[in-house]
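The structure appears right after this line, and notes come after that.
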Amino acid sequence: MKKLKYALFTGCTAKQSTPEQMMSTMAVADKLGIELIELTEASCCGASHLQDYDDFLSLVLNARNIAYAEKHGLTMVTICNTCQLNTAMTKHRLDKNADLKAKVNEKLAEVGLEYKGTSNVIHFLYAIIDDFGLDKIKEMVVTPLSQFNIAPFYGCHNIRPSELQNESHKKAENPYNPTSLDDLIIACGGMTVDYVEKNKCCGFHVELQAPKTASILTGNAIAGAMDGNADWMVTPCPLCHLKLDTQTGHASEAIGREVALPVLHMQQMLGLALGCTSEQLGLKHHLTKVNFI
Amino acid sequence: MSTHKITTQQVNFKVFRFNSDEDYLPYYTDYKMEVTSEEVVLDILNRIKWDHDGSFSYRRSCRHGICGACAIKVNGRATLACKERMTDMIELFGNELTLEPLSIKRAVKDMIIDKADFWQKHDAIHPYLISDVEEHPEHEHLVTPEEAEELLEADLCIQCGACHYACPVVEINDDFFGPAAFAKAYRFEADVRDDAHNERLQELHEEKQGLWDCVKCYECAEACPKDVNPIDKITKLHQMLFREGVATSNVATRHAVGFLHSIKKHGVLDEGGLVLYSEGPSIVKHIPVALKMFTKGKIIMPWNMPKSDNLDEIQKLIKSSSTAKF
């Protein structure tokens, strides 16, 4: 198989509040022989909040990020669900609206860039599933996670809105019955936990303006996984991870029940199965102790 | 001659039953049925009532996806029963299907719920054109096609409640207006004939009803059977608040604008800086968790703040492409 190569859009948290996500991404890519070219020129995607303030500016900035991936002639890979949403949504809107694309390109021309629409934008999870293949993952697993019940937490922006699903990856994820993360858990040798909250919201985006709402949603998610007899949770989104890992105190208080589970990034789970060390995967950076290693 | 072939499949239905006048708790009744490829979910509700139990209750009227009466949930997915084909439901969830009302805690009888909160919030946004119409106008009030286009899909709402009861914030915050009311508000805010523009916007901006409490989960966009895309309208209302100068400084508006400041300075987001800018002095409440995060290497010092390469490009684009002011 030809070596897989992507342009990596790290997003902002990977360099700040979730360093373990960056570490495990690189460790897993190394194990799988995937080459990631980091887009060091990229700006923040706006996280759906700049979009509340200035829609056009958000489009221009995201188009600029994609333009750098296009310059490399590579598919852009994201490692955050919200980066994925905002980047893929920009691509979706520009590719279907020639006028808007021209307006955005008029601005990008001022800095010598052009958005062409030639690079696809996919989350790393789907690059692994669609391009690398779960069968090959299964063959490479050296430490099967067979003693663990693992609760997948999908994160909204990888599975909704469904209008982006057909563009981003081969098998459209159904927002009401997503399977990708379950499939990856099984490929790693683990057992999946089915629970109502697995495709629900963690509340991250209103943590500042509506903390009670955010905490209840986080609490419900962890409680659902615990009631499903999960040993730990896994998520492809660093924002969900921040909520589920660092906000257990507020979450417990909000729902009136002590809730906490170790939460792994999708890359960390895969890394464990592939034989990476806990140092390589940055497991010491978690607030809720990863107590099973 | 049609070559369409009707196929049948066996489906096990688990149907929510509850009579608020008699039952202390709801229960589920099982039905095994042969379902044909031509049937929609409403056909199944009809067959349960007509063939199995005449007391089974649900709302239905037009059977053409326009009255909005028959919305229920199938395996947790909001569904307009007269529109949704059974084959699609089986393809999505398999042969075990659970039929429930849109909101279990609001169940009155079986699939029928009390939508009082939905209507109360719908009414609260003044869902009608507010305009001083001259009794004897001398010329027509023309709306250009471009202006009419601004209403987008917001005009297509049939008030079925699917998005409202799919919204996780409605579920936990009784004050939150919800996606349907906000989308309807947008419909009138975007109407050039409406004179209550700023008053309505100001009311929406008040903290209680929570225009800024949307969690951005896109459940409403998925639930809507008419593709109204309520979250898109909520985002447009946010933009409108800034554009019309109605937005006042609060934690939510500063949170949105804070991204711009951060990107201008670093290209990437300065997480700590954003929280400080959004919260102001209230940042003290984040200190306990922040300290724990610091000990785990999750908070970087300002002098280690990463910057995007070619930051000058980003700054130039912000200067030339900004369309909002705060």
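How things are named: the first chain in the structure tokens is A, the next is B, and so on; residues count from 1 in each chain; ligands count from 1 in the order shown.
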
Set the distance at 9 Å and use only C-alpha atoms: which residues neighbour segment 286-292 of chain A once local chain neighbours fewer than 5 positions away are removed? I'd like the list as a PyMOL selection string. (chain A and resi 18+20+231-232+244-248+260-264) or (chain B and resi 292-293+296+298)

Using DSSP secondary structure from the backbone, list all strand (DSSP E) positions within segment 235-270 of chain A, as JSON, numbers by chain. {"A": [235, 263, 264, 265]}

Selected residues written out, N, CA and C atoms, as a PDB file, in the first residue's frame:
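result.pdb written:
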```pdb
ATOM      1  N   THR A 235     -13.216   9.186  23.025  1.00  0.00           N
ATOM      2  CA  THR A 235     -13.818  10.204  22.165  1.00  0.00           C
ATOM      3  C   THR A 235     -12.818  10.694  21.116  1.00  0.00           C
ATOM      4  N   VAL A 263     -11.165   8.958  30.597  1.00  0.00           N
ATOM      5  CA  VAL A 263     -11.606   9.225  29.222  1.00  0.00           C
ATOM      6  C   VAL A 263     -10.372   9.284  28.333  1.00  0.00           C
ATOM      7  N   LEU A 264     -10.347   8.462  27.309  1.00  0.00           N
ATOM      8  CA  LEU A 264      -9.206   8.467  26.398  1.00  0.00           C
ATOM      9  C   LEU A 264      -9.570   9.138  25.075  1.00  0.00           C
ATOM     10  N   HIS A 265      -8.604   9.795  24.497  1.00  0.00           N
ATOM     11  CA  HIS A 265      -8.759  10.243  23.116  1.00  0.00           C
ATOM     12  C   HIS A 265      -8.725   8.998  22.231  1.00  0.00           C
TER      13      HIS A 265
END
```

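Residue nearest Asp175 of chain B, chosen from B:Thr144, B:Thr36, B:Gln10, B:Gln120 and counting only C-alpha atoms: B:Gln120.
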
Could you make a table, as JSON lines, of the residues of chain A that have an atom within 7 Å of an atom of chain B, each with its nearest atom pair and distance in Å to one decimal, counting only C-alpha atoms, in chain and number order?
```
{"residue": "A:Cys12", "atom": "CA", "partner": "B:Leu269", "partner_atom": "CA", "distance": 5.9}
{"residue": "A:Gln16", "atom": "CA", "partner": "B:Lys298", "partner_atom": "CA", "distance": 6.1}
{"residue": "A:Ser17", "atom": "CA", "partner": "B:Lys298", "partner_atom": "CA", "distance": 4.2}
{"residue": "A:Thr18", "atom": "CA", "partner": "B:Lys298", "partner_atom": "CA", "distance": 6.1}
{"residue": "A:Pro19", "atom": "CA", "partner": "B:Lys298", "partner_atom": "CA", "distance": 6.8}
{"residue": "A:Thr40", "atom": "CA", "partner": "B:Asp309", "partner_atom": "CA", "distance": 5.7}
{"residue": "A:Glu41", "atom": "CA", "partner": "B:Asp309", "partner_atom": "CA", "distance": 4.3}
{"residue": "A:Ala42", "atom": "CA", "partner": "B:Ser308", "partner_atom": "CA", "distance": 6.1}
{"residue": "A:Ser43", "atom": "CA", "partner": "B:Gly267", "partner_atom": "CA", "distance": 4.6}
{"residue": "A:Cys44", "atom": "CA", "partner": "B:Val268", "partner_atom": "CA", "distance": 4.5}
{"residue": "A:Gly46", "atom": "CA", "partner": "B:Phe259", "partner_atom": "CA", "distance": 6.5}
{"residue": "A:His49", "atom": "CA", "partner": "B:Ala256", "partner_atom": "CA", "distance": 4.7}
{"residue": "A:Leu50", "atom": "CA", "partner": "B:Ala256", "partner_atom": "CA", "distance": 5.3}
{"residue": "A:Asp52", "atom": "CA", "partner": "B:Gln239", "partner_atom": "CA", "distance": 5.4}
{"residue": "A:Tyr53", "atom": "CA", "partner": "B:Gln239", "partner_atom": "CA", "distance": 5.2}
{"residue": "A:Asp54", "atom": "CA", "partner": "B:Ala324", "partner_atom": "CA", "distance": 5.6}
{"residue": "A:Phe56", "atom": "CA", "partner": "B:Thr323", "partner_atom": "CA", "distance": 6.8}
{"residue": "A:Leu57", "atom": "CA", "partner": "B:Ser322", "partner_atom": "CA", "distance": 5.4}
{"residue": "A:Lys107", "atom": "CA", "partner": "B:Ser321", "partner_atom": "CA", "distance": 6.8}
{"residue": "A:Val111", "atom": "CA", "partner": "B:Glu313", "partner_atom": "CA", "distance": 5.9}
{"residue": "A:Cys156", "atom": "CA", "partner": "B:Cys217", "partner_atom": "CA", "distance": 5.4}
{"residue": "A:Arg160", "atom": "CA", "partner": "B:Tyr218", "partner_atom": "CA", "distance": 5.9}
{"residue": "A:Pro161", "atom": "CA", "partner": "B:Tyr218", "partner_atom": "CA", "distance": 5.9}
{"residue": "A:Tyr176", "atom": "CA", "partner": "B:Arg77", "partner_atom": "CA", "distance": 6.7}
{"residue": "A:Cys201", "atom": "CA", "partner": "B:Cys217", "partner_atom": "CA", "distance": 5.9}
{"residue": "A:Gly203", "atom": "CA", "partner": "B:Val215", "partner_atom": "CA", "distance": 5.9}
{"residue": "A:His205", "atom": "CA", "partner": "B:Val215", "partner_atom": "CA", "distance": 5.5}
{"residue": "A:Val206", "atom": "CA", "partner": "B:Val215", "partner_atom": "CA", "distance": 5.7}
{"residue": "A:Leu208", "atom": "CA", "partner": "B:Val251", "partner_atom": "CA", "distance": 6.9}
{"residue": "A:Gln209", "atom": "CA", "partner": "B:Ala252", "partner_atom": "CA", "distance": 5.4}
{"residue": "A:Ala210", "atom": "CA", "partner": "B:Asp213", "partner_atom": "CA", "distance": 5.9}
{"residue": "A:Thr213", "atom": "CA", "partner": "B:Val169", "partner_atom": "CA", "distance": 6.8}
{"residue": "A:Lys284", "atom": "CA", "partner": "B:Lys296", "partner_atom": "CA", "distance": 7.0}
{"residue": "A:His285", "atom": "CA", "partner": "B:Lys296", "partner_atom": "CA", "distance": 4.8}
{"residue": "A:His286", "atom": "CA", "partner": "B:Lys296", "partner_atom": "CA", "distance": 6.7}
{"residue": "A:Leu287", "atom": "CA", "partner": "B:Met293", "partner_atom": "CA", "distance": 6.9}
```

For the selection you just gave me, I'd like the residues written to a file as a PDB file, in the first residue's frame, keeping C-alpha atoms.
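Output contents, as saved in result34.pdb:
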```pdb
ATOM      1  CA  CYS A  12      -5.781  25.040  19.103  1.00  0.00           C
ATOM      2  CA  GLN A  16      -2.559  23.984  24.799  1.00  0.00           C
ATOM      3  CA  SER A  17      -5.091  22.195  27.011  1.00  0.00           C
ATOM      4  CA  THR A  18      -4.850  18.705  25.469  1.00  0.00           C
ATOM      5  CA  PRO A  19      -1.140  18.134  24.795  1.00  0.00           C
ATOM      6  CA  THR A  40       1.811  25.572  10.928  1.00  0.00           C
ATOM      7  CA  GLU A  41       0.301  28.551   9.073  1.00  0.00           C
ATOM      8  CA  ALA A  42      -3.265  27.617  10.036  1.00  0.00           C
ATOM      9  CA  SER A  43      -5.376  29.902  12.219  1.00  0.00           C
ATOM     10  CA  CYS A  44      -8.103  28.960  14.674  1.00  0.00           C
ATOM     11  CA  GLY A  46     -13.453  30.029  15.000  1.00  0.00           C
ATOM     12  CA  HIS A  49     -18.202  31.208  18.033  1.00  0.00           C
ATOM     13  CA  LEU A  50     -16.413  33.538  15.616  1.00  0.00           C
ATOM     14  CA  ASP A  52     -21.729  33.874  15.620  1.00  0.00           C
ATOM     15  CA  TYR A  53     -19.984  37.201  15.241  1.00  0.00           C
ATOM     16  CA  ASP A  54     -18.661  37.434  11.694  1.00  0.00           C
ATOM     17  CA  PHE A  56     -17.722  36.088   6.220  1.00  0.00           C
ATOM     18  CA  LEU A  57     -14.469  36.507   8.122  1.00  0.00           C
ATOM     19  CA  LYS A 107      -9.770  38.457  -0.202  1.00  0.00           C
ATOM     20  CA  VAL A 111      -2.191  37.501   0.539  1.00  0.00           C
ATOM     21  CA  CYS A 156     -21.801  16.160  17.885  1.00  0.00           C
ATOM     22  CA  ARG A 160     -24.101  16.175  12.712  1.00  0.00           C
ATOM     23  CA  PRO A 161     -25.179  17.894  10.522  1.00  0.00           C
ATOM     24  CA  TYR A 176     -28.884   8.440  15.207  1.00  0.00           C
ATOM     25  CA  CYS A 201     -23.904  16.689  23.382  1.00  0.00           C
ATOM     26  CA  GLY A 203     -22.210  20.862  26.626  1.00  0.00           C
ATOM     27  CA  HIS A 205     -19.849  25.230  23.831  1.00  0.00           C
ATOM     28  CA  VAL A 206     -21.887  26.861  26.595  1.00  0.00           C
ATOM     29  CA  LEU A 208     -19.025  29.907  30.065  1.00  0.00           C
ATOM     30  CA  GLN A 209     -22.486  31.322  29.293  1.00  0.00           C
ATOM     31  CA  ALA A 210     -24.651  28.466  30.610  1.00  0.00           C
ATOM     32  CA  THR A 213     -26.660  23.349  31.251  1.00  0.00           C
ATOM     33  CA  LYS A 284      -0.267  11.620  32.721  1.00  0.00           C
ATOM     34  CA  HIS A 285      -1.932  14.771  31.371  1.00  0.00           C
ATOM     35  CA  HIS A 286      -5.429  13.618  32.390  1.00  0.00           C
ATOM     36  CA  LEU A 287      -7.249  15.029  35.399  1.00  0.00           C
TER      37      LEU A 287
END
```

With distances taken over only C-alpha atoms, which of A:Asp99, A:Glu173, A:Glu139, A:Glu70 is nearest to Ser119 of chain A?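 For Ser119 of chain A, the nearest of the candidates is A:Glu70.
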
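When atom CA of Ala183 of chain B is paired with atom CA of Gln159 of chain B, their separation reads 10.6 Å.
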
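We find atom CA of Thr7 of chain B and atom CA of Ser37 of chain B to be spaced 5.4 Å apart.
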
Atom CA of Arg85 of chain B to atom CA of Ile6 of chain B, distance in Å rounded to a single decimal: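 So the two atoms, atom CA of Arg85 of chain B and atom CA of Ile6 of chain B, lie 13.2 Å apart.
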
Near Phe204 of chain A, within 9 Å and counting only C-alpha atoms, which residues show up once chain neighbours fewer than 2 positions away are dropped, as an MDAnalysis selection string? (chainID A and resid 201:202 206:208 214:215 217:218 239:240 242:243) or (chainID B and resid 215)

Please write the residues from the selection above to a file, keeping C-alpha atoms, as a PDB file, in the first residue's frame.
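Produced file part.pdb, reproduced below:
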```pdb
ATOM      1  CA  CYS A 201     -23.904  16.689  23.382  1.00  0.00           C
ATOM      2  CA  CYS A 202     -21.265  17.201  26.107  1.00  0.00           C
ATOM      3  CA  VAL A 206     -21.887  26.861  26.595  1.00  0.00           C
ATOM      4  CA  GLU A 207     -19.519  26.173  29.474  1.00  0.00           C
ATOM      5  CA  LEU A 208     -19.025  29.907  30.065  1.00  0.00           C
ATOM      6  CA  ALA A 214     -23.140  22.352  30.255  1.00  0.00           C
ATOM      7  CA  SER A 215     -22.499  20.504  33.513  1.00  0.00           C
ATOM      8  CA  LEU A 217     -25.033  17.376  29.870  1.00  0.00           C
ATOM      9  CA  THR A 218     -21.518  16.307  30.859  1.00  0.00           C
ATOM     10  CA  LEU A 239     -13.440  19.499  23.439  1.00  0.00           C
ATOM     11  CA  CYS A 240     -15.622  16.611  24.626  1.00  0.00           C
ATOM     12  CA  LEU A 242     -11.978  18.506  28.206  1.00  0.00           C
ATOM     13  CA  LYS A 243     -15.550  18.380  29.485  1.00  0.00           C
TER      14      LYS A 243
ATOM     15  CA  VAL B 215     -25.131  24.165  22.703  1.00  0.00           C
TER      16      VAL B 215
END
```

Considering only C-alpha atoms, return as a VMD selection string whatever protein or nucleic-acid residues lie within 9 Å of Leu94 of chain A, sequence-local ones (same chain, fewer than 6 positions apart) excluded. chain A and resid 59 63 100 to 102 104 115 117

Please determine, counting only C-alpha atoms, which residue among B:Lys233, B:Arg17, B:His197, B:Lys226 has the shortest atom-to-atom distance to Leu80 of chain B. B:Lys226

DSSP alpha helix (DSSP H) residues within segment 81-141 of chain A, as an MDAnalysis selection string: chainID A and resid 81:96 98:109 124:126 134:140

Store the residues picked out above, limited to C-alpha atoms, as a compact mmCIF listing (two decimals), in the first residue's frame.
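Saved to result_15.txt:
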```
# COMPACT_ATOMS: atom_id res chain seq x y z
CA ASN A 81 -14.72 17.54 15.84
CA THR A 82 -15.38 21.27 15.94
CA CYS A 83 -12.41 22.06 13.66
CA GLN A 84 -13.82 19.38 11.35
CA LEU A 85 -17.30 20.98 11.37
CA ASN A 86 -16.12 24.50 10.69
CA THR A 87 -13.57 23.55 8.06
CA ALA A 88 -15.81 21.07 6.26
CA MET A 89 -18.75 23.49 6.44
CA THR A 90 -16.62 26.20 4.83
CA LYS A 91 -15.65 23.80 2.06
CA HIS A 92 -19.28 22.70 1.64
CA ARG A 93 -20.53 26.27 1.30
CA LEU A 94 -17.77 27.47 -1.02
CA ASP A 95 -17.92 24.43 -3.28
CA LYS A 96 -21.64 24.82 -3.90
CA ALA A 98 -19.49 30.05 -6.93
CA ASP A 99 -20.32 33.66 -5.99
CA LEU A 100 -19.33 33.17 -2.38
CA LYS A 101 -16.18 31.35 -3.43
CA ALA A 102 -15.24 34.25 -5.71
CA LYS A 103 -15.80 36.77 -2.90
CA VAL A 104 -13.63 34.76 -0.52
CA ASN A 105 -10.93 34.31 -3.17
CA GLU A 106 -10.91 38.05 -3.82
CA LYS A 107 -9.77 38.46 -0.20
CA LEU A 108 -7.34 35.53 -0.24
CA ALA A 109 -5.72 36.99 -3.37
CA PHE A 124 -8.34 11.53 11.56
CA LEU A 125 -10.79 8.88 12.81
CA TYR A 126 -12.21 8.50 9.31
CA LEU A 134 -9.79 -1.56 10.23
CA ASP A 135 -8.73 -4.99 8.97
CA LYS A 136 -5.13 -3.82 8.87
CA ILE A 137 -5.52 -2.26 12.32
CA LYS A 138 -6.74 -5.62 13.65
CA GLU A 139 -3.61 -7.31 12.29
CA MET A 140 -1.38 -4.72 13.93
```

Could you pull the residues within 9 Å of Asp30 of chain B, counting only C-alpha atoms, minus those fewer than 4 positions along the same chain, as a compact mmCIF listing (two decimals) with C-alpha atoms, in the first residue's frame?
```txt
# COMPACT_ATOMS: atom_id res chain seq x y z
CA ASN B 12 -41.12 -6.08 16.30
CA PHE B 13 -42.63 -2.88 17.63
CA LYS B 14 -42.35 -1.77 21.23
CA VAL B 15 -45.02 0.84 21.74
```

Just checking: using only C-alpha atoms, which residue out of B:Lys32, B:Lys49, B:Lys285, B:Lys73 ends up closest to Gly161 of chain B?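 Comparing B:Lys32, B:Lys49, B:Lys285, B:Lys73 against Gly161 of chain B, the winner is B:Lys73.
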